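Q: Take a look at input-v6.txt, compact mmCIF, C-alpha atoms:
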# COMPACT_ATOMS: atom_id res chain seq x y z
CA MET A 96 81.24 113.53 57.79
CA PRO A 97 83.58 110.63 58.64
CA GLY A 98 85.03 110.63 62.15
CA ARG A 99 88.39 112.19 62.70
CA LYS A 100 91.17 109.66 62.42
CA ARG A 101 93.51 109.33 65.33
CA LYS A 102 97.19 109.84 64.78
CA PRO A 103 99.21 106.60 64.63
CA SER A 104 101.16 107.67 67.72
CA GLN A 105 97.92 108.07 69.67
CA ALA A 106 96.65 104.66 68.59
CA ARG A 107 99.93 102.99 69.59
CA ALA A 108 99.91 104.73 72.97
CA ASP A 109 96.73 102.91 74.04
CA LYS A 110 97.84 99.38 73.17
CA PRO A 111 100.60 98.66 75.74
CA LEU A 112 98.25 99.25 78.70
CA LYS A 113 95.10 97.69 77.24
CA LYS A 114 95.52 94.42 79.14
CA TYR A 115 96.32 96.32 82.33
CA ALA A 116 93.06 98.28 82.09
CA GLU A 117 90.94 95.24 81.11
CA LYS A 118 92.00 93.30 84.22
CA ARG A 119 91.05 96.03 86.71
CA ASP A 120 87.98 97.76 88.09
CA PHE A 121 89.26 101.25 88.86
CA GLY A 122 86.12 101.96 90.82
CA ARG A 123 87.36 99.45 93.41
CA THR A 124 91.13 99.12 93.17
CA PRO A 125 93.41 101.96 94.34
CA GLU A 126 95.89 101.15 91.55
CA PRO A 127 96.81 103.91 89.06
CA ILE A 128 94.56 104.35 86.05
CA ALA A 129 96.15 103.24 82.77
CA SER A 130 98.01 106.13 81.18
CA ARG A 131 101.11 105.90 79.03
CA SER A 132 103.88 108.38 79.83
CA GLY A 133 105.72 110.43 77.24
CA ARG A 134 108.93 110.39 79.22
CA GLU A 135 111.88 108.13 78.46
CA GLY A 136 113.34 107.25 81.83
CA ARG A 137 115.19 104.25 83.21
CA ASP A 138 113.62 103.79 86.63
CA PHE A 139 112.82 100.40 88.11
CA VAL A 140 110.81 99.13 91.06
CA VAL A 141 110.51 95.83 92.89
CA GLN A 142 107.23 95.45 94.76
CA LYS A 143 106.63 92.76 97.35
CA HIS A 144 103.13 91.51 96.68
CA ALA A 145 101.17 89.42 99.17
CA ALA A 146 98.57 88.19 96.68
CA ARG A 147 97.27 84.61 96.53
CA ARG A 148 100.92 83.63 96.68
CA LEU A 149 103.63 85.90 98.09
CA HIS A 150 105.98 87.02 95.33
CA CYS A 151 107.80 90.08 94.01
CA ASP A 152 107.06 92.12 90.90
CA LEU A 153 110.02 93.47 88.94
CA ARG A 154 109.19 96.46 86.71
CA LEU A 155 111.59 98.15 84.29
CA GLU A 156 110.72 101.49 82.68
CA LEU A 157 110.85 101.29 78.90
CA ASP A 158 108.93 103.09 76.12
CA GLY A 159 106.72 105.03 78.53
CA VAL A 160 105.48 101.96 80.46
CA LEU A 161 106.81 99.48 83.02
CA LYS A 162 107.76 96.10 81.59
CA SER A 163 106.78 93.65 84.31
CA TRP A 164 107.61 90.19 85.62
CA GLY A 165 106.24 88.30 88.61
CA VAL A 166 109.29 86.80 90.38
CA THR A 167 107.93 83.79 92.26
CA LYS A 168 110.46 83.69 95.12
CA GLY A 169 111.75 87.22 94.79
CA PRO A 170 115.15 88.29 93.42
CA SER A 171 118.25 86.54 94.68
CA LEU A 172 121.81 87.86 94.97
CA THR A 173 123.15 84.29 95.05
CA VAL A 174 125.28 83.38 92.05
CA GLY A 175 123.75 80.51 90.08
CA GLU A 176 120.28 80.93 91.60
CA LYS A 177 117.62 81.02 88.88
CA ARG A 178 114.33 82.63 89.86
CA LEU A 179 111.24 81.88 87.76
CA SER A 180 109.82 85.20 86.54
CA VAL A 181 106.53 85.20 84.66
CA ARG A 182 106.07 88.07 82.21
CA THR A 183 102.91 90.04 82.96
CA GLU A 184 101.11 92.95 81.34
CA ASP A 185 102.79 96.35 81.03
CA HIS A 186 102.02 98.75 83.90
CA PRO A 187 101.77 102.57 83.92
CA ILE A 188 104.72 104.68 85.11
CA GLU A 189 102.68 105.76 88.16
CA TYR A 190 103.13 102.21 89.47
CA LEU A 191 106.72 103.12 90.41
CA THR A 192 105.37 104.59 93.64
CA PHE A 193 102.22 102.50 94.11
CA GLU A 194 101.80 100.98 97.54
CA GLY A 195 98.52 99.86 99.04
CA ASN A 196 95.95 97.14 99.59
CA ILE A 197 94.26 95.76 96.48
CA PRO A 198 90.79 94.54 97.54
CA LYS A 199 90.05 90.83 97.65
CA GLY A 200 88.23 89.70 94.54
CA GLN A 201 90.20 92.12 92.38
CA TYR A 202 93.07 91.06 90.13
CA GLY A 203 96.15 90.66 92.32
CA GLY A 204 94.21 91.23 95.54
CA GLY A 205 96.47 91.70 98.58
CA SER A 206 98.97 94.13 100.08
CA MET A 207 101.79 95.58 97.99
CA ILE A 208 104.84 97.50 99.20
CA VAL A 209 107.67 99.20 97.32
CA TRP A 210 110.51 96.89 98.32
CA ASP A 211 113.21 98.52 96.17
CA ARG A 212 113.55 101.40 93.74
CA GLY A 213 116.31 102.87 91.65
CA HIS A 214 117.78 103.20 88.18
CA TRP A 215 118.40 100.47 85.60
CA GLU A 216 120.59 100.46 82.52
CA PRO A 217 120.25 97.92 79.69
CA GLU A 218 123.21 96.42 77.88
CA GLY A 219 122.65 97.07 74.20
CA ASP A 220 119.20 97.55 72.68
CA PRO A 221 116.56 96.56 75.27
CA GLN A 222 113.79 96.12 72.69
CA ARG A 223 116.00 93.71 70.77
CA GLY A 224 116.85 91.91 74.00
CA LEU A 225 113.17 91.48 74.89
CA ALA A 226 112.38 90.21 71.40
CA LYS A 227 115.27 87.71 71.42
CA GLY A 228 114.54 86.58 74.96
CA HIS A 229 117.71 87.73 76.73
CA LEU A 230 117.80 91.04 78.55
CA ALA A 231 121.10 91.93 80.26
CA PHE A 232 121.04 94.98 82.51
CA THR A 233 122.46 96.72 85.56
CA LEU A 234 120.45 97.73 88.62
CA ASP A 235 121.34 100.59 90.94
CA GLY A 236 118.79 100.44 93.72
CA ALA A 237 118.82 100.69 97.47
CA ARG A 238 118.92 96.89 97.85
CA LEU A 239 119.58 95.43 94.40
CA LYS A 240 122.73 96.43 92.54
CA GLY A 241 125.01 95.12 89.85
CA ARG A 242 124.53 93.10 86.70
CA TRP A 243 121.49 90.87 86.05
CA HIS A 244 120.02 88.68 83.32
CA LEU A 245 116.45 87.91 82.31
CA VAL A 246 116.27 84.89 80.00
CA ARG A 247 113.07 83.62 78.40
CA ILE A 248 112.51 79.89 78.58
CA ARG A 249 110.14 77.57 76.76
CA PRO A 250 106.79 77.16 78.53
CA LYS A 251 105.57 73.73 79.52
CA SER A 252 103.13 71.96 77.24
CA GLY A 253 99.75 73.65 77.46
CA GLU A 254 101.10 76.53 79.53
CA LYS A 255 99.84 79.95 78.41
CA THR A 256 102.24 82.08 80.45
CA GLU A 257 105.55 83.56 79.29
CA PRO A 258 108.20 82.23 81.69
CA TRP A 259 111.63 83.86 82.13
CA LEU A 260 114.50 83.29 84.56
CA LEU A 261 116.02 86.12 86.62
CA MET A 262 119.68 85.56 87.47
CA LYS A 263 122.38 87.57 89.24
CA SER A 264 125.78 87.90 87.55
CA ASP A 265 128.93 87.12 89.48
CA ASP A 266 130.13 90.58 90.47
CA ALA A 267 130.99 92.63 93.58
CA PHE A 268 127.30 92.70 94.63
CA ALA A 269 126.69 88.95 94.33
CA ARG A 270 126.54 86.51 97.26
CA GLY A 271 127.74 83.00 97.79
CA THR A 272 125.46 80.11 98.67
CA ASP A 273 126.51 80.32 102.34
CA ILE A 274 124.84 83.73 102.80
CA GLY A 275 121.10 84.22 103.34
CA GLU A 276 118.62 85.69 100.90
CA ILE A 277 118.15 89.46 100.86
CA ILE A 278 114.39 89.09 100.37
CA ASP A 279 114.24 87.40 103.79
CA GLU A 280 116.53 89.92 105.48
CA GLU A 281 114.86 93.08 104.16
CA THR A 282 111.10 93.05 104.68
CA THR A 283 110.06 96.71 104.79
CA SER A 284 108.91 99.30 102.27
CA GLN A 285 111.31 101.87 100.87
CA LEU A 286 108.49 104.43 101.01
CA SER A 287 106.66 103.90 104.29
CA GLY A 288 108.93 101.60 106.28
CA ARG A 289 106.04 99.15 106.72
CA THR A 290 105.92 95.42 106.09
CA ASN A 291 103.20 93.78 104.01
CA GLU A 292 101.57 92.58 107.22
CA GLU A 293 101.53 96.07 108.73
CA LEU A 294 100.05 97.55 105.58
CA ALA A 295 97.41 94.84 105.35
CA ALA A 296 96.40 95.49 108.96
CA MET A 297 95.46 99.05 107.99
CA GLY A 298 92.70 97.72 105.77
CA GLU A 299 91.67 99.04 102.37
CA VAL A 300 93.45 102.29 101.55
CA ARG A 301 92.09 104.15 98.54
CA LYS A 302 93.40 107.09 96.56
CA SER A 303 90.80 109.77 95.88
CA ARG A 304 89.44 109.80 92.32
CA GLY A 305 86.68 112.32 92.82
CA GLN A 306 83.63 111.55 94.93
CA SER A 307 83.64 108.54 97.25
CA ARG A 308 81.40 105.62 96.46
CA SER A 309 78.12 105.39 98.35
CA GLY A 310 78.59 103.56 101.65
CA GLU A 311 82.35 104.09 101.93
CA GLY A 312 83.08 104.78 105.57
CA THR A 313 84.75 107.83 107.04
CA LYS A 314 87.20 105.61 108.89
CA ASN A 315 88.74 104.19 105.71
CA SER A 316 88.86 107.64 104.14
CA LEU A 317 90.70 109.06 107.15
CA ALA A 318 93.14 106.13 107.18
CA GLY A 319 93.93 106.79 103.52
CA HIS A 320 94.69 110.46 104.18
CA LEU A 321 96.87 109.60 107.18
CA GLN A 322 98.86 107.03 105.22
CA THR A 323 99.37 109.42 102.30
CA PHE A 324 100.56 112.16 104.68
CA GLU A 325 102.93 109.81 106.49
CA CYS A 326 104.47 108.51 103.24
CA ALA A 327 104.96 112.05 101.98
CA ARG A 328 106.55 113.12 105.27
CA ARG A 329 109.02 110.25 105.19
CA ILE A 330 110.00 110.86 101.58
CA VAL A 331 110.58 114.58 102.20
CA ALA A 332 112.64 113.74 105.27
CA GLY A 333 114.82 111.40 103.19
CA PHE A 334 113.51 108.13 104.66
CA PRO A 335 114.82 105.58 104.29
Re-express the file's structure as structure tokens.
A:
Amino acid sequence: MPGRKRKPSQARADKPLKKYAEKRDFGRTPEPIASRSGREGRDFVVQKHAARRLHCDLRLELDGVLKSWGVTKGPSLTVGEKRLSVRTEDHPIEYLTFEGNIPKGQYGGGSMIVWDRGHWEPEGDPQRGLAKGHLAFTLDGARLKGRWHLVRIRPKSGEKTEPWLLMKSDDAFARGTDIGEIIDEETTSQLSGRTNEELAAMGEVRKSRGQSRSGEGTKNSLAGHLQTFECARRIVAGFP
């Protein structure tokens, strides 16, 4: 008897996160396992990521996944400042609250904190904007607010990445060139209050996915439980 065919909706659901799953060893990284959400929200997150090069990751919730860009110098509120933002693979919705240390040797190894979170609203059809290469939207976060633009640019000859530019519109939340950069002023996590350096000093923090691997120490396990408890306590208490 021929195998049961999967419904088209089920087949489509696996494709957006295929690259995400292929790049990660979930037996080692504490990152969320690839799983597409059925919800249709408009949340966003900016994560400060101390990988091989310090940068920020902008993620916009759309079609049950997080559309993602690596912003090389982090977002800027300065009018006229264009920040190179390289499009990366879609991430699962659970990444909205991911914070931890990705082990060295793994894709994106380094500490990652939730630098900003909030709601985003596209102008017009976001799928059309992504396809055309110009996404206009509004952010309502704790640190980033107002109108923004993501504009796709032509890659350099031989370049295999998909480069975009992130720019702030001139509105009530924008800054002039005589004011410093918000990414330098605000350095802590919206979830734990820690900096990347403080999180990295804690060592590898893993989320439990069943039994621990052989040889994993009790010390790291205890540190993970303590960090999870502390983050939960701060969120319940309304911090920050």
Q: Which residues are close to region 206-214 of chain A, i.e. within 6 Å by only C-alpha atoms, leaving aside same-chain residues fewer than 2 positions away? Reply as a JSON list (two decimals) with C-alpha atoms, in the coordinates of the input.
A:
[["chain", "number", "residue", "atom", "x", "y", "z"],
["A", 137, "ARG", "CA", 115.19, 104.25, 83.21],
["A", 138, "ASP", "CA", 113.62, 103.79, 86.63],
["A", 139, "PHE", "CA", 112.82, 100.40, 88.11],
["A", 140, "VAL", "CA", 110.81, 99.13, 91.06],
["A", 141, "VAL", "CA", 110.51, 95.83, 92.89],
["A", 142, "GLN", "CA", 107.23, 95.45, 94.76],
["A", 143, "LYS", "CA", 106.63, 92.76, 97.35],
["A", 144, "HIS", "CA", 103.13, 91.51, 96.68],
["A", 145, "ALA", "CA", 101.17, 89.42, 99.17],
["A", 194, "GLU", "CA", 101.80, 100.98, 97.54],
["A", 195, "GLY", "CA", 98.52, 99.86, 99.04],
["A", 196, "ASN", "CA", 95.95, 97.14, 99.59],
["A", 235, "ASP", "CA", 121.34, 100.59, 90.94],
["A", 236, "GLY", "CA", 118.79, 100.44, 93.72],
["A", 284, "SER", "CA", 108.91, 99.30, 102.27],
["A", 285, "GLN", "CA", 111.31, 101.87, 100.87],
["A", 291, "ASN", "CA", 103.20, 93.78, 104.01],
["A", 295, "ALA", "CA", 97.41, 94.84, 105.35]]
Q: Please, what distance in Å, to one decimal, runs between CA of His186 (chain A) and CA of Gly169 (chain A)?
A: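 These two atoms are separated by 18.6 Å.
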Q: Go ahead and compute the interatomic distance for CA of Leu172 (chain A) and CA of Ile197 (chain A), in Å to one decimal.
A: 28.7 Å
Q: To one decimal place in Å, what is the distance between CA of Thr167 (chain A) and CA of Gly241 (chain A)?
A: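 These two atoms are separated by 20.6 Å.
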Q: Nearest to Trp215 (chain A) among A:Pro111, A:Pro127, A:Pro187, A:Gly136, with distances taken over all atoms listed in the file: which residue is it?
A: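 Smallest separation from Trp215 (chain A) among the options: A:Gly136.
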